[in-house]
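File shown here: start25.txt, holding compact mmCIF, N, CA and C atoms.
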# COMPACT_ATOMS: atom_id res chain seq x y z
N MET T 1 89.71 123.72 113.89
CA MET T 1 89.33 122.35 113.62
C MET T 1 89.24 121.60 114.94
N ALA T 2 88.30 120.72 115.04
CA ALA T 2 88.12 119.96 116.27
C ALA T 2 89.09 118.80 116.31
N ASP T 3 89.93 118.80 117.32
CA ASP T 3 90.82 117.67 117.56
C ASP T 3 90.12 116.79 118.58
N VAL T 4 89.70 115.62 118.16
CA VAL T 4 88.96 114.73 119.03
C VAL T 4 89.96 113.98 119.92
N PRO T 5 89.83 114.10 121.24
CA PRO T 5 90.74 113.40 122.16
C PRO T 5 90.66 111.88 122.00
N ASP T 6 91.79 111.23 122.23
CA ASP T 6 91.85 109.77 122.11
C ASP T 6 90.79 109.07 122.95
N LYS T 7 90.60 109.54 124.17
CA LYS T 7 89.59 108.91 125.07
C LYS T 7 88.20 109.01 124.46
N GLN T 8 87.91 110.13 123.80
CA GLN T 8 86.60 110.32 123.16
C GLN T 8 86.45 109.39 121.96
N ILE T 9 87.51 109.23 121.19
CA ILE T 9 87.46 108.31 120.04
C ILE T 9 87.20 106.89 120.54
N GLU T 10 87.92 106.51 121.58
CA GLU T 10 87.77 105.16 122.14
C GLU T 10 86.35 104.93 122.66
N SER T 11 85.81 105.88 123.40
CA SER T 11 84.46 105.70 123.93
C SER T 11 83.40 105.76 122.83
N SER T 12 83.62 106.62 121.83
CA SER T 12 82.66 106.73 120.72
C SER T 12 82.59 105.46 119.89
N LEU T 13 83.71 104.76 119.77
CA LEU T 13 83.73 103.53 118.99
C LEU T 13 83.43 102.29 119.84
N SER T 14 83.69 102.37 121.12
CA SER T 14 83.42 101.23 122.01
C SER T 14 81.93 101.06 122.26
N ALA T 15 81.22 102.16 122.46
CA ALA T 15 79.79 102.10 122.80
C ALA T 15 78.98 101.31 121.78
N PRO T 16 79.16 101.54 120.47
CA PRO T 16 78.39 100.75 119.50
C PRO T 16 79.02 99.39 119.18
N GLY T 17 80.12 99.01 119.86
CA GLY T 17 80.68 97.67 119.72
C GLY T 17 81.81 97.49 118.75
N PHE T 18 82.53 98.56 118.36
CA PHE T 18 83.61 98.43 117.40
C PHE T 18 84.93 97.96 118.01
N ALA T 19 85.04 97.90 119.32
CA ALA T 19 86.23 97.43 120.03
C ALA T 19 87.52 98.05 119.48
N PRO T 20 87.67 99.37 119.58
CA PRO T 20 88.86 100.03 119.02
C PRO T 20 90.14 99.69 119.79
N VAL T 21 91.23 99.55 119.06
CA VAL T 21 92.55 99.31 119.64
C VAL T 21 93.49 100.33 119.00
N ARG T 22 94.12 101.14 119.83
CA ARG T 22 95.07 102.14 119.34
C ARG T 22 96.33 101.43 118.91
N VAL T 23 96.80 101.70 117.72
CA VAL T 23 97.97 101.04 117.16
C VAL T 23 99.14 102.02 117.23
N TYR T 24 99.95 101.89 118.28
CA TYR T 24 101.05 102.82 118.52
C TYR T 24 102.20 102.61 117.53
N GLN T 25 102.47 101.37 117.18
CA GLN T 25 103.63 101.12 116.35
C GLN T 25 103.45 101.61 114.91
N ASN T 26 102.23 101.84 114.49
CA ASN T 26 102.01 102.29 113.11
C ASN T 26 102.34 103.76 112.92
N ARG T 27 101.68 104.64 113.70
CA ARG T 27 101.91 106.08 113.53
C ARG T 27 101.52 106.82 114.78
N GLY T 28 102.23 107.89 115.00
CA GLY T 28 101.85 108.84 116.03
C GLY T 28 102.00 108.35 117.45
N ALA T 29 102.26 109.29 118.32
CA ALA T 29 102.33 109.02 119.75
C ALA T 29 100.99 109.36 120.37
N GLU T 30 100.84 109.12 121.65
CA GLU T 30 99.61 109.43 122.39
C GLU T 30 99.18 110.86 122.12
N GLY T 31 97.94 111.05 121.69
CA GLY T 31 97.42 112.39 121.42
C GLY T 31 97.80 112.94 120.05
N SER T 32 98.49 112.16 119.24
CA SER T 32 98.94 112.62 117.93
C SER T 32 97.78 112.67 116.95
N LEU T 33 97.85 113.62 116.03
CA LEU T 33 96.83 113.69 114.97
C LEU T 33 97.01 112.57 113.96
N LEU T 34 98.14 111.89 114.03
CA LEU T 34 98.40 110.78 113.12
C LEU T 34 98.08 109.43 113.76
N ALA T 35 97.32 109.44 114.83
CA ALA T 35 96.99 108.20 115.54
C ALA T 35 96.27 107.23 114.63
N ALA T 36 96.52 105.96 114.84
CA ALA T 36 95.87 104.91 114.07
C ALA T 36 95.07 104.02 115.00
N TRP T 37 93.90 103.60 114.56
CA TRP T 37 93.03 102.73 115.34
C TRP T 37 92.63 101.54 114.50
N GLU T 38 92.57 100.39 115.12
CA GLU T 38 92.03 99.20 114.47
C GLU T 38 90.74 98.84 115.17
N CYS T 39 89.72 98.56 114.37
CA CYS T 39 88.40 98.24 114.93
C CYS T 39 87.88 96.94 114.36
N THR T 40 87.04 96.28 115.13
CA THR T 40 86.36 95.08 114.69
C THR T 40 84.92 95.45 114.41
N GLN T 41 84.43 95.07 113.25
CA GLN T 41 83.06 95.41 112.88
C GLN T 41 82.07 94.47 113.57
N PRO T 42 81.15 95.04 114.35
CA PRO T 42 80.13 94.18 114.97
C PRO T 42 79.16 93.64 113.91
N SER T 43 78.66 92.46 114.15
CA SER T 43 77.76 91.83 113.17
C SER T 43 76.49 92.64 112.93
N TRP T 44 76.07 93.44 113.89
CA TRP T 44 74.84 94.22 113.75
C TRP T 44 75.06 95.58 113.08
N ARG T 45 76.28 95.86 112.65
CA ARG T 45 76.59 97.13 111.98
C ARG T 45 77.14 96.87 110.58
N ALA T 46 76.39 96.15 109.77
CA ALA T 46 76.83 95.77 108.42
C ALA T 46 76.99 96.97 107.50
N GLU T 47 76.34 98.08 107.81
CA GLU T 47 76.42 99.27 106.95
C GLU T 47 77.77 99.99 107.06
N VAL T 48 78.52 99.67 108.09
CA VAL T 48 79.84 100.28 108.29
C VAL T 48 80.85 99.47 107.50
N GLU T 49 81.37 100.07 106.42
CA GLU T 49 82.24 99.34 105.51
C GLU T 49 83.62 99.95 105.35
N ARG T 50 83.72 101.26 105.56
CA ARG T 50 84.98 101.95 105.25
C ARG T 50 85.43 102.79 106.44
N GLU T 51 86.65 103.26 106.35
CA GLU T 51 87.22 104.10 107.39
C GLU T 51 86.36 105.35 107.63
N ILE T 52 85.84 105.93 106.56
CA ILE T 52 85.05 107.16 106.69
C ILE T 52 83.79 106.91 107.51
N ASP T 53 83.26 105.69 107.48
CA ASP T 53 82.07 105.38 108.28
C ASP T 53 82.39 105.48 109.78
N LEU T 54 83.59 105.05 110.17
CA LEU T 54 84.00 105.16 111.57
C LEU T 54 84.26 106.62 111.94
N ILE T 55 84.86 107.37 111.03
CA ILE T 55 85.10 108.79 111.27
C ILE T 55 83.77 109.52 111.47
N GLU T 56 82.79 109.21 110.64
CA GLU T 56 81.46 109.83 110.78
C GLU T 56 80.81 109.44 112.11
N GLU T 57 81.00 108.21 112.52
CA GLU T 57 80.44 107.74 113.80
C GLU T 57 81.01 108.55 114.96
N VAL T 58 82.34 108.73 114.96
CA VAL T 58 82.99 109.51 116.02
C VAL T 58 82.52 110.96 115.96
N ALA T 59 82.48 111.54 114.77
CA ALA T 59 82.07 112.95 114.61
C ALA T 59 80.63 113.15 115.08
N ARG T 60 79.75 112.21 114.77
CA ARG T 60 78.35 112.32 115.18
C ARG T 60 78.21 112.30 116.69
N ILE T 61 78.93 111.39 117.34
CA ILE T 61 78.84 111.27 118.79
C ILE T 61 79.55 112.43 119.49
N TYR T 62 80.71 112.82 118.99
CA TYR T 62 81.48 113.92 119.58
C TYR T 62 80.74 115.25 119.43
N GLY T 63 80.08 115.42 118.30
CA GLY T 63 79.31 116.64 118.05
C GLY T 63 79.76 117.32 116.78
N LEU T 64 78.94 117.28 115.76
CA LEU T 64 79.28 117.90 114.49
C LEU T 64 79.45 119.41 114.62
N ASP T 65 78.80 119.99 115.63
CA ASP T 65 78.91 121.43 115.83
C ASP T 65 80.30 121.85 116.31
N LYS T 66 81.13 120.90 116.72
CA LYS T 66 82.47 121.22 117.19
C LYS T 66 83.49 121.28 116.04
N PHE T 67 83.05 120.98 114.83
CA PHE T 67 83.92 121.02 113.66
C PHE T 67 83.65 122.29 112.87
N LEU T 68 84.70 122.80 112.22
CA LEU T 68 84.55 124.00 111.42
C LEU T 68 83.56 123.77 110.28
N PRO T 69 82.77 124.78 109.93
CA PRO T 69 81.79 124.61 108.86
C PRO T 69 82.41 124.75 107.47
N ARG T 70 83.71 124.76 107.35
CA ARG T 70 84.37 124.88 106.05
C ARG T 70 85.59 123.96 106.03
N LEU T 71 86.06 123.69 104.84
CA LEU T 71 87.23 122.84 104.68
C LEU T 71 88.50 123.65 104.97
N PRO T 72 89.53 123.00 105.47
CA PRO T 72 90.80 123.72 105.66
C PRO T 72 91.39 124.10 104.30
N ALA T 73 92.25 125.10 104.29
CA ALA T 73 92.88 125.55 103.06
C ALA T 73 93.69 124.42 102.42
N ALA T 74 93.65 124.35 101.11
CA ALA T 74 94.40 123.34 100.38
C ALA T 74 95.89 123.63 100.47
N ARG T 75 96.67 122.60 100.57
CA ARG T 75 98.13 122.76 100.65
C ARG T 75 98.76 122.84 99.27
N ALA T 76 98.11 122.26 98.30
CA ALA T 76 98.63 122.29 96.93
C ALA T 76 97.47 122.64 96.00
N GLY T 77 97.77 123.34 94.94
CA GLY T 77 96.74 123.71 93.98
C GLY T 77 96.22 122.50 93.22
N ALA T 78 94.99 122.59 92.79
CA ALA T 78 94.40 121.50 92.01
C ALA T 78 94.96 121.52 90.60
N ALA T 79 95.15 120.36 90.04
CA ALA T 79 95.65 120.25 88.68
C ALA T 79 94.63 119.49 87.84
N ARG T 80 94.48 119.90 86.59
CA ARG T 80 93.58 119.18 85.69
C ARG T 80 94.26 117.91 85.22
N LEU T 81 93.44 116.90 85.01
CA LEU T 81 93.95 115.64 84.49
C LEU T 81 94.33 115.81 83.03
N PRO T 82 95.25 114.99 82.52
CA PRO T 82 95.72 115.15 81.14
C PRO T 82 94.62 115.09 80.09
N HIS T 83 93.60 114.30 80.30
CA HIS T 83 92.54 114.14 79.30
C HIS T 83 91.40 115.15 79.47
N TYR T 84 91.55 116.11 80.35
CA TYR T 84 90.47 117.06 80.63
C TYR T 84 90.03 117.84 79.39
N GLU T 85 90.98 118.40 78.65
CA GLU T 85 90.65 119.24 77.48
C GLU T 85 89.88 118.44 76.44
N ALA T 86 90.34 117.24 76.12
CA ALA T 86 89.65 116.41 75.12
C ALA T 86 88.26 116.02 75.60
N GLU T 87 88.14 115.70 76.87
CA GLU T 87 86.84 115.33 77.43
C GLU T 87 85.88 116.52 77.41
N ALA T 88 86.37 117.71 77.72
CA ALA T 88 85.53 118.91 77.70
C ALA T 88 85.05 119.22 76.29
N ARG T 89 85.94 119.08 75.28
CA ARG T 89 85.54 119.33 73.87
C ARG T 89 84.48 118.33 73.44
N LEU T 90 84.68 117.06 73.79
CA LEU T 90 83.72 116.02 73.43
C LEU T 90 82.38 116.29 74.10
N ARG T 91 82.41 116.65 75.38
CA ARG T 91 81.18 116.93 76.11
C ARG T 91 80.42 118.08 75.44
N GLU T 92 81.11 119.15 75.07
CA GLU T 92 80.47 120.30 74.42
C GLU T 92 79.87 119.92 73.08
N ARG T 93 80.56 119.09 72.31
CA ARG T 93 80.02 118.64 71.02
C ARG T 93 78.74 117.82 71.20
N LEU T 94 78.77 116.90 72.15
CA LEU T 94 77.60 116.06 72.38
C LEU T 94 76.42 116.89 72.88
N ILE T 95 76.68 117.86 73.74
CA ILE T 95 75.60 118.75 74.21
C ILE T 95 75.04 119.53 73.03
N GLY T 96 75.92 119.99 72.14
CA GLY T 96 75.48 120.71 70.94
C GLY T 96 74.62 119.85 70.03
N LEU T 97 74.84 118.55 70.04
CA LEU T 97 74.04 117.62 69.23
C LEU T 97 72.75 117.21 69.94
N GLY T 98 72.54 117.69 71.15
CA GLY T 98 71.30 117.39 71.86
C GLY T 98 71.39 116.28 72.89
N TYR T 99 72.57 115.75 73.11
CA TYR T 99 72.74 114.70 74.12
C TYR T 99 72.84 115.31 75.51
N ARG T 100 72.43 114.55 76.50
CA ARG T 100 72.55 114.97 77.90
C ARG T 100 73.21 113.84 78.68
N GLU T 101 73.97 114.21 79.68
CA GLU T 101 74.66 113.21 80.48
C GLU T 101 73.77 112.75 81.62
N ASN T 102 73.62 111.45 81.75
CA ASN T 102 72.83 110.87 82.84
C ASN T 102 73.70 109.87 83.60
N HIS T 103 73.57 109.90 84.90
CA HIS T 103 74.26 108.93 85.75
C HIS T 103 73.20 108.06 86.41
N HIS T 104 73.32 106.77 86.22
CA HIS T 104 72.38 105.83 86.83
C HIS T 104 73.13 104.99 87.84
N HIS T 105 72.65 104.97 89.04
CA HIS T 105 73.28 104.18 90.09
C HIS T 105 72.36 103.02 90.43
N SER T 106 72.86 101.83 90.24
CA SER T 106 72.07 100.64 90.49
C SER T 106 71.92 100.40 91.99
N PRO T 107 70.71 100.10 92.44
CA PRO T 107 70.54 99.77 93.86
C PRO T 107 71.04 98.36 94.19
N LEU T 108 71.36 97.58 93.16
CA LEU T 108 71.87 96.23 93.38
C LEU T 108 73.30 96.31 93.83
N ARG T 109 73.65 95.46 94.76
CA ARG T 109 75.01 95.49 95.28
C ARG T 109 75.51 94.07 95.43
N GLY T 110 76.58 93.77 94.75
CA GLY T 110 77.16 92.45 94.88
C GLY T 110 76.45 91.37 94.07
N ARG T 111 75.33 91.72 93.48
CA ARG T 111 74.62 90.77 92.63
C ARG T 111 74.90 91.13 91.18
N SER T 112 74.70 90.18 90.31
CA SER T 112 74.88 90.50 88.90
C SER T 112 73.77 91.45 88.48
N ARG T 113 74.11 92.33 87.60
CA ARG T 113 73.14 93.32 87.13
C ARG T 113 72.32 92.73 85.99
N THR T 114 71.38 91.86 86.33
CA THR T 114 70.53 91.26 85.31
C THR T 114 69.29 92.13 85.16
N ARG T 115 68.52 91.84 84.17
CA ARG T 115 67.34 92.65 83.92
C ARG T 115 66.36 92.57 85.08
N SER T 116 66.24 91.41 85.68
CA SER T 116 65.35 91.25 86.82
C SER T 116 65.95 90.22 87.76
N SER T 117 65.88 90.51 89.04
CA SER T 117 66.39 89.54 90.01
C SER T 117 65.25 88.71 90.60
N VAL T 118 64.05 88.89 90.06
CA VAL T 118 62.88 88.14 90.54
C VAL T 118 62.82 86.83 89.76
N PRO T 119 62.86 85.70 90.45
CA PRO T 119 62.82 84.42 89.73
C PRO T 119 61.47 84.23 89.03
N GLN T 120 61.52 83.75 87.81
CA GLN T 120 60.31 83.48 87.04
C GLN T 120 59.95 82.01 87.20
N THR T 121 58.95 81.71 88.01
CA THR T 121 58.56 80.32 88.25
C THR T 121 57.52 79.86 87.24
N HIS T 122 56.71 80.77 86.75
CA HIS T 122 55.74 80.42 85.72
C HIS T 122 55.45 81.66 84.87
N SER T 123 55.00 81.43 83.68
CA SER T 123 54.70 82.56 82.82
C SER T 123 53.24 82.96 83.00
N PRO T 124 52.94 84.26 82.96
CA PRO T 124 51.56 84.71 83.16
C PRO T 124 50.69 84.31 81.98
N ARG T 125 49.44 84.02 82.27
CA ARG T 125 48.49 83.65 81.22
C ARG T 125 47.57 84.82 80.94
N ALA T 126 47.24 84.95 79.69
CA ALA T 126 46.36 86.05 79.29
C ALA T 126 44.91 85.61 79.30

Encoded form (structure tokens):
Amino acid sequence: MADVPDKQIESSLSAPGFAPVRVYQNRGAEGSLLAAWECTQPSWRAEVEREIDLIEEVARIYGLDKFLPRLPAARAGAARLPHYEAEARLRERLIGLGYRENHHHSPLRGRSRTRSSVPQTHSPRA
């Protein structure tokens, strides 16, 4: 696994304007894998919203080829959620009746999900 050096993290986040600050009192010592960083979001990078966006930024600049092409081994086995069996039976019944599962993701964000977001100033004439 690629351990990204602190200096690389700092330069990778400083260049696009995130102004990273290493937070020593939170976790980890210098060079620790538990290091914590606080960043300020630049106004021109509105698409960066979550911690994973910063991680991707560092990985992209550092070089994705330096990371293993597979996930590390799991430390604990996966467990099914308590409602899994009932959900699986219901899903099978609905499929047997001809239903199919569809996921629709709205492109609207932060706005109410109305039928149309286009204001109607006048009605069309026939």

Out of T:Ile55, T:Ala73, T:Ala86, T:Leu68, which residue has the shortest atom-to-atom distance to Ser12 (chain T) when counting only C-alpha atoms?
T:Ile55

Taking 5 positions as the minimum chain separation for residues in the same chain, which residues sit within 8 Å of region 59-65 of chain T when counting only N, CA and C atoms? Answer as a PyMOL selection string.
chain T and resi 4+8-9+12+53-54

Can you measure atom C of Pro69 (chain T) to atom C of Glu56 (chain T) for me? One decimal in Å is fine.
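Atom C of Glu56 (chain T) lies 16.1 Å from atom C of Pro69 (chain T).
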
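Across the structure, CA of Arg100 (chain T) and CA of Leu81 (chain T) are spaced 22.4 Å apart.
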
Which residue, T:Glu101, T:Glu92, T:Glu87, T:Asp6, has the smallest gap to Ala35 (chain T) when you use only C-alpha atoms?
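Checking each of T:Glu101, T:Glu92, T:Glu87, T:Asp6 against Ala35 (chain T), counting only C-alpha atoms, the winner is T:Asp6.
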
Quick check, in Å to one decimal: how far apart do CA of Ile52 (chain T) and atom C of Ala79 (chain T) lie?
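CA of Ile52 (chain T) sits 24.5 Å away from atom C of Ala79 (chain T).
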
Distance criterion (only C-alpha atoms): nearest to Ala46 (chain T) out of T:His104, T:Ser11, T:Arg89, T:Phe18
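Ranked by minimum distance to Ala46 (chain T), first place goes to T:Phe18.
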
Expected answer as a PDB file with N, CA and C atoms, in the frame of the given file: all residues with atoms within 8 Å of (95.1, 102.4, 119.0), only C-alpha atoms:
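The resulting file, selection_33.pdb, is reproduced below:
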ATOM      1  N   PRO T  20      87.670  99.370 119.580  1.00  0.00           N
ATOM      2  CA  PRO T  20      88.860 100.030 119.020  1.00  0.00           C
ATOM      3  C   PRO T  20      90.140  99.690 119.790  1.00  0.00           C
ATOM      4  N   VAL T  21      91.230  99.550 119.060  1.00  0.00           N
ATOM      5  CA  VAL T  21      92.550  99.310 119.640  1.00  0.00           C
ATOM      6  C   VAL T  21      93.490 100.330 119.000  1.00  0.00           C
ATOM      7  N   ARG T  22      94.120 101.140 119.830  1.00  0.00           N
ATOM      8  CA  ARG T  22      95.070 102.140 119.340  1.00  0.00           C
ATOM      9  C   ARG T  22      96.330 101.430 118.910  1.00  0.00           C
ATOM     10  N   VAL T  23      96.800 101.700 117.720  1.00  0.00           N
ATOM     11  CA  VAL T  23      97.970 101.040 117.160  1.00  0.00           C
ATOM     12  C   VAL T  23      99.140 102.020 117.230  1.00  0.00           C
ATOM     13  N   TYR T  24      99.950 101.890 118.280  1.00  0.00           N
ATOM     14  CA  TYR T  24     101.050 102.820 118.520  1.00  0.00           C
ATOM     15  C   TYR T  24     102.200 102.610 117.530  1.00  0.00           C
ATOM     16  N   ALA T  35      97.320 109.440 114.830  1.00  0.00           N
ATOM     17  CA  ALA T  35      96.990 108.200 115.540  1.00  0.00           C
ATOM     18  C   ALA T  35      96.270 107.230 114.630  1.00  0.00           C
ATOM     19  N   ALA T  36      96.520 105.960 114.840  1.00  0.00           N
ATOM     20  CA  ALA T  36      95.870 104.910 114.070  1.00  0.00           C
ATOM     21  C   ALA T  36      95.070 104.020 115.000  1.00  0.00           C
ATOM     22  N   TRP T  37      93.900 103.600 114.560  1.00  0.00           N
ATOM     23  CA  TRP T  37      93.030 102.730 115.340  1.00  0.00           C
ATOM     24  C   TRP T  37      92.630 101.540 114.500  1.00  0.00           C
ATOM     25  N   GLU T  38      92.570 100.390 115.120  1.00  0.00           N
ATOM     26  CA  GLU T  38      92.030  99.200 114.470  1.00  0.00           C
ATOM     27  C   GLU T  38      90.740  98.840 115.170  1.00  0.00           C
TER      28      GLU T  38
END

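Secondary structure of region 19-92 of chain T, alpha helix (DSSP H) only (DSSP, backbone atoms): Glu51, Ile52, Asp53, Leu54, Ile55, Glu56, Glu57, Val58, Ala59, Arg60, Ile61, Tyr62, Tyr84, Glu85, Ala86, Glu87, Ala88, Arg89, Leu90, Arg91 and Glu92 of chain T.
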